[in-house]
file my_file.cif (mmCIF, C-alpha atoms)
data_upload
loop_
_atom_site.group_PDB
_atom_site.id
_atom_site.type_symbol
_atom_site.label_atom_id
_atom_site.label_comp_id
_atom_site.auth_asym_id
_atom_site.auth_seq_id
_atom_site.Cartn_x
_atom_site.Cartn_y
_atom_site.Cartn_z
ATOM 1 C CA MET Z 1200 -124.218 13.236 -6.599
ATOM 2 C CA ALA Z 1201 -123.333 12.208 -10.147
ATOM 3 C CA THR Z 1202 -120.003 14.020 -9.858
ATOM 4 C CA LEU Z 1203 -119.175 12.067 -6.700
ATOM 5 C CA PHE Z 1204 -119.971 8.785 -8.464
ATOM 6 C CA GLU Z 1205 -117.804 9.773 -11.434
ATOM 7 C CA VAL Z 1206 -114.832 10.667 -9.233
ATOM 8 C CA LEU Z 1207 -115.177 7.423 -7.257
ATOM 9 C CA LEU Z 1208 -115.435 5.484 -10.507
ATOM 10 C CA MET Z 1209 -112.189 7.010 -11.797
ATOM 11 C CA ILE Z 1210 -110.330 6.313 -8.549
ATOM 12 C CA ILE Z 1211 -111.537 2.712 -8.360
ATOM 13 C CA SER Z 1212 -110.722 2.181 -12.043
ATOM 14 C CA LEU Z 1213 -107.123 3.259 -11.424
ATOM 15 C CA LEU Z 1214 -106.895 1.023 -8.360
ATOM 16 C CA LEU Z 1215 -108.242 -1.941 -10.339
ATOM 17 C CA MET Z 1216 -105.638 -1.415 -13.046
ATOM 18 C CA LEU Z 1217 -102.903 -1.388 -10.423
ATOM 19 C CA LEU Z 1218 -104.231 -4.504 -8.689
ATOM 20 C CA VAL Z 1219 -104.522 -6.451 -11.932
ATOM 21 C CA LEU Z 1220 -100.913 -5.596 -12.741
ATOM 22 C CA LEU Z 1221 -99.840 -6.834 -9.310
ATOM 23 C CA HIS Z 1222 -101.276 -10.317 -9.906
ATOM 24 C CA LYS Z 1223 -98.899 -13.121 -10.633
ATOM 25 C CA GLY Z 1224 -99.052 -14.187 -14.226
ATOM 26 C CA LYS Z 1225 -97.632 -17.205 -15.960
ATOM 27 C CA GLY Z 1226 -94.025 -16.250 -15.254
ATOM 28 C CA GLY Z 1227 -94.421 -14.268 -12.035
ATOM 29 C CA GLY Z 1228 -95.522 -10.715 -11.592
ATOM 30 C CA LEU Z 1229 -95.136 -7.557 -9.645
ATOM 31 C CA SER Z 1230 -96.682 -9.301 -6.642
ATOM 32 C CA ASP Z 1231 -93.339 -11.122 -6.240
ATOM 33 C CA MET Z 1232 -91.856 -7.864 -4.983
ATOM 34 C CA PHE Z 1233 -94.322 -7.809 -2.084
ATOM 35 C CA GLY Z 1234 -93.993 -11.417 -0.965
ATOM 36 C CA GLY Z 1235 -96.379 -12.965 -3.464
ATOM 37 C CA GLY Z 1236 -93.655 -15.184 -4.888
ATOM 38 C CA ILE Z 1237 -93.247 -17.145 -1.681
ATOM 39 C CA SER Z 1238 -95.661 -20.046 -2.018
ATOM 40 C CA SER Z 1239 -96.209 -23.085 0.119
ATOM 41 C CA SER Z 1240 -94.686 -26.438 -0.723
ATOM 42 C CA PHE Z 1241 -98.134 -27.858 -1.506
ATOM 43 C CA GLY Z 1242 -98.415 -25.790 -4.672
ATOM 44 C CA GLY Z 1243 -101.211 -23.561 -3.388
ATOM 45 C CA SER Z 1244 -101.301 -19.836 -3.838
ATOM 46 C CA SER Z 1245 -99.703 -17.663 -1.208
ATOM 47 C CA ALA Z 1246 -101.579 -15.601 1.346
ATOM 48 C CA ALA Z 1247 -100.554 -12.393 -0.397
ATOM 49 C CA GLU Z 1248 -101.965 -13.628 -3.709
ATOM 50 C CA ARG Z 1249 -105.235 -14.748 -2.086
ATOM 51 C CA ASN Z 1250 -105.641 -11.385 -0.368
ATOM 52 C CA LEU Z 1251 -104.871 -9.615 -3.636
ATOM 53 C CA ASP Z 1252 -107.569 -11.704 -5.313
ATOM 54 C CA ARG Z 1253 -110.118 -10.817 -2.629
ATOM 55 C CA ILE Z 1254 -109.356 -7.098 -2.815
ATOM 56 C CA THR Z 1255 -109.544 -7.136 -6.617
ATOM 57 C CA VAL Z 1256 -112.903 -8.930 -6.636
ATOM 58 C CA GLY Z 1257 -114.280 -6.597 -3.965
ATOM 59 C CA LEU Z 1258 -113.220 -3.485 -5.864
ATOM 60 C CA GLY Z 1259 -114.598 -4.980 -9.068
ATOM 61 C CA LEU Z 1260 -117.993 -5.397 -7.442
ATOM 62 C CA VAL Z 1261 -117.926 -1.820 -6.120
ATOM 63 C CA TRP Z 1262 -116.889 -0.624 -9.598
ATOM 64 C CA ALA Z 1263 -119.839 -2.451 -11.199
ATOM 65 C CA ALA Z 1264 -122.256 -1.112 -8.578
ATOM 66 C CA LEU Z 1265 -121.024 2.435 -9.206
ATOM 67 C CA ILE Z 1266 -121.580 2.052 -12.948
ATOM 68 C CA ILE Z 1267 -125.125 0.779 -12.412
ATOM 69 C CA GLY Z 1268 -125.833 3.486 -9.837
ATOM 70 C CA LEU Z 1269 -124.485 6.227 -12.087
ATOM 71 C CA ASN Z 1270 -126.558 4.938 -14.994
ATOM 72 C CA LEU Z 1271 -129.738 4.923 -12.910
ATOM 73 C CA LEU Z 1272 -128.950 8.366 -11.527
ATOM 74 C CA LEU Z 1273 -128.379 9.861 -14.951
ATOM 75 C CA LYS Z 1274 -131.509 8.240 -16.419
ATOM 76 C CA SER Z 1275 -133.697 9.703 -13.677
ATOM 77 C CA THR Z 1276 -132.641 13.293 -14.392
#
call {"tool": "encode", "arguments": {"input": "my_file.cif", "output": "structure tokens"}}
result
Amino acid sequence: MATLFEVLLMIISLLLMLLVLLHKGKGGGLSDMFGGGISSSFGGSSAAERNLDRITVGLGLVWAALIIGLNLLLKST
């Protein structure tokens, strides 16, 4: 069980690094390549950027839960 948690933690960590790099920074970002640079005329963030934010937050929560779960699992053995 601990091995499964460790493998999932590594995969999600790599995905989080990729997603953070895709976010638009101060001068644009890699998300521009996938349609993130097209924003509305009202100055709001684009749909691609909002979805990227949601996915990143969701994976961050799963990542934190895996760390807590792995810690509890290893303390009990």
call {"tool": "residues_around", "arguments": {"input": "my_file.cif", "residues": "segment 1211-1217 of chain Z", "least_positions_apart": "6", "cutoff": "10 Å", "atoms": "only C-alpha atoms", "output": "list in words"}}
result
Glu1205, Leu1229, Ile1254, Thr1255, Val1256, Gly1257, Leu1258, Gly1259, Val1261, Trp1262 and Leu1265 of chain Z
call {"tool": "write_last_selection", "arguments": {"input": "my_file.cif", "atoms": "C-alpha atoms", "output": "CSV table (one decimal), keeping the file's coordinate frame"}}
result
chain,number,residue,atom,x,y,z
Z,1205,GLU,CA,-117.8,9.8,-11.4
Z,1229,LEU,CA,-95.1,-7.6,-9.6
Z,1254,ILE,CA,-109.4,-7.1,-2.8
Z,1255,THR,CA,-109.5,-7.1,-6.6
Z,1256,VAL,CA,-112.9,-8.9,-6.6
Z,1257,GLY,CA,-114.3,-6.6,-4.0
Z,1258,LEU,CA,-113.2,-3.5,-5.9
Z,1259,GLY,CA,-114.6,-5.0,-9.1
Z,1261,VAL,CA,-117.9,-1.8,-6.1
Z,1262,TRP,CA,-116.9,-0.6,-9.6
Z,1265,LEU,CA,-121.0,2.4,-9.2
call {"tool": "residues_around", "arguments": {"input": "my_file.cif", "residues": "Leu1273 of chain Z", "least_positions_apart": "5", "cutoff": "10 Å", "atoms": "all atoms listed in the file", "output": "list of chain:residue names"}}
result
Z:Met1200, Z:Ala1201, Z:Ile1267, Z:Gly1268
call {"tool": "atom_distance", "arguments": {"input": "my_file.cif", "atom1": "atom CA of Leu1272 of chain Z", "atom2": "atom CA of Met1209 of chain Z"}}
result
16.8 Å
call {"tool": "atom_distance", "arguments": {"input": "my_file.cif", "atom1": "atom CA of Phe1204 of chain Z", "atom2": "atom CA of Glu1248 of chain Z"}}
result
29.1 Å
call {"tool": "atom_distance", "arguments": {"input": "my_file.cif", "atom1": "atom CA of Leu1251 of chain Z", "atom2": "atom CA of Val1206 of chain Z"}}
result
23.3 Å
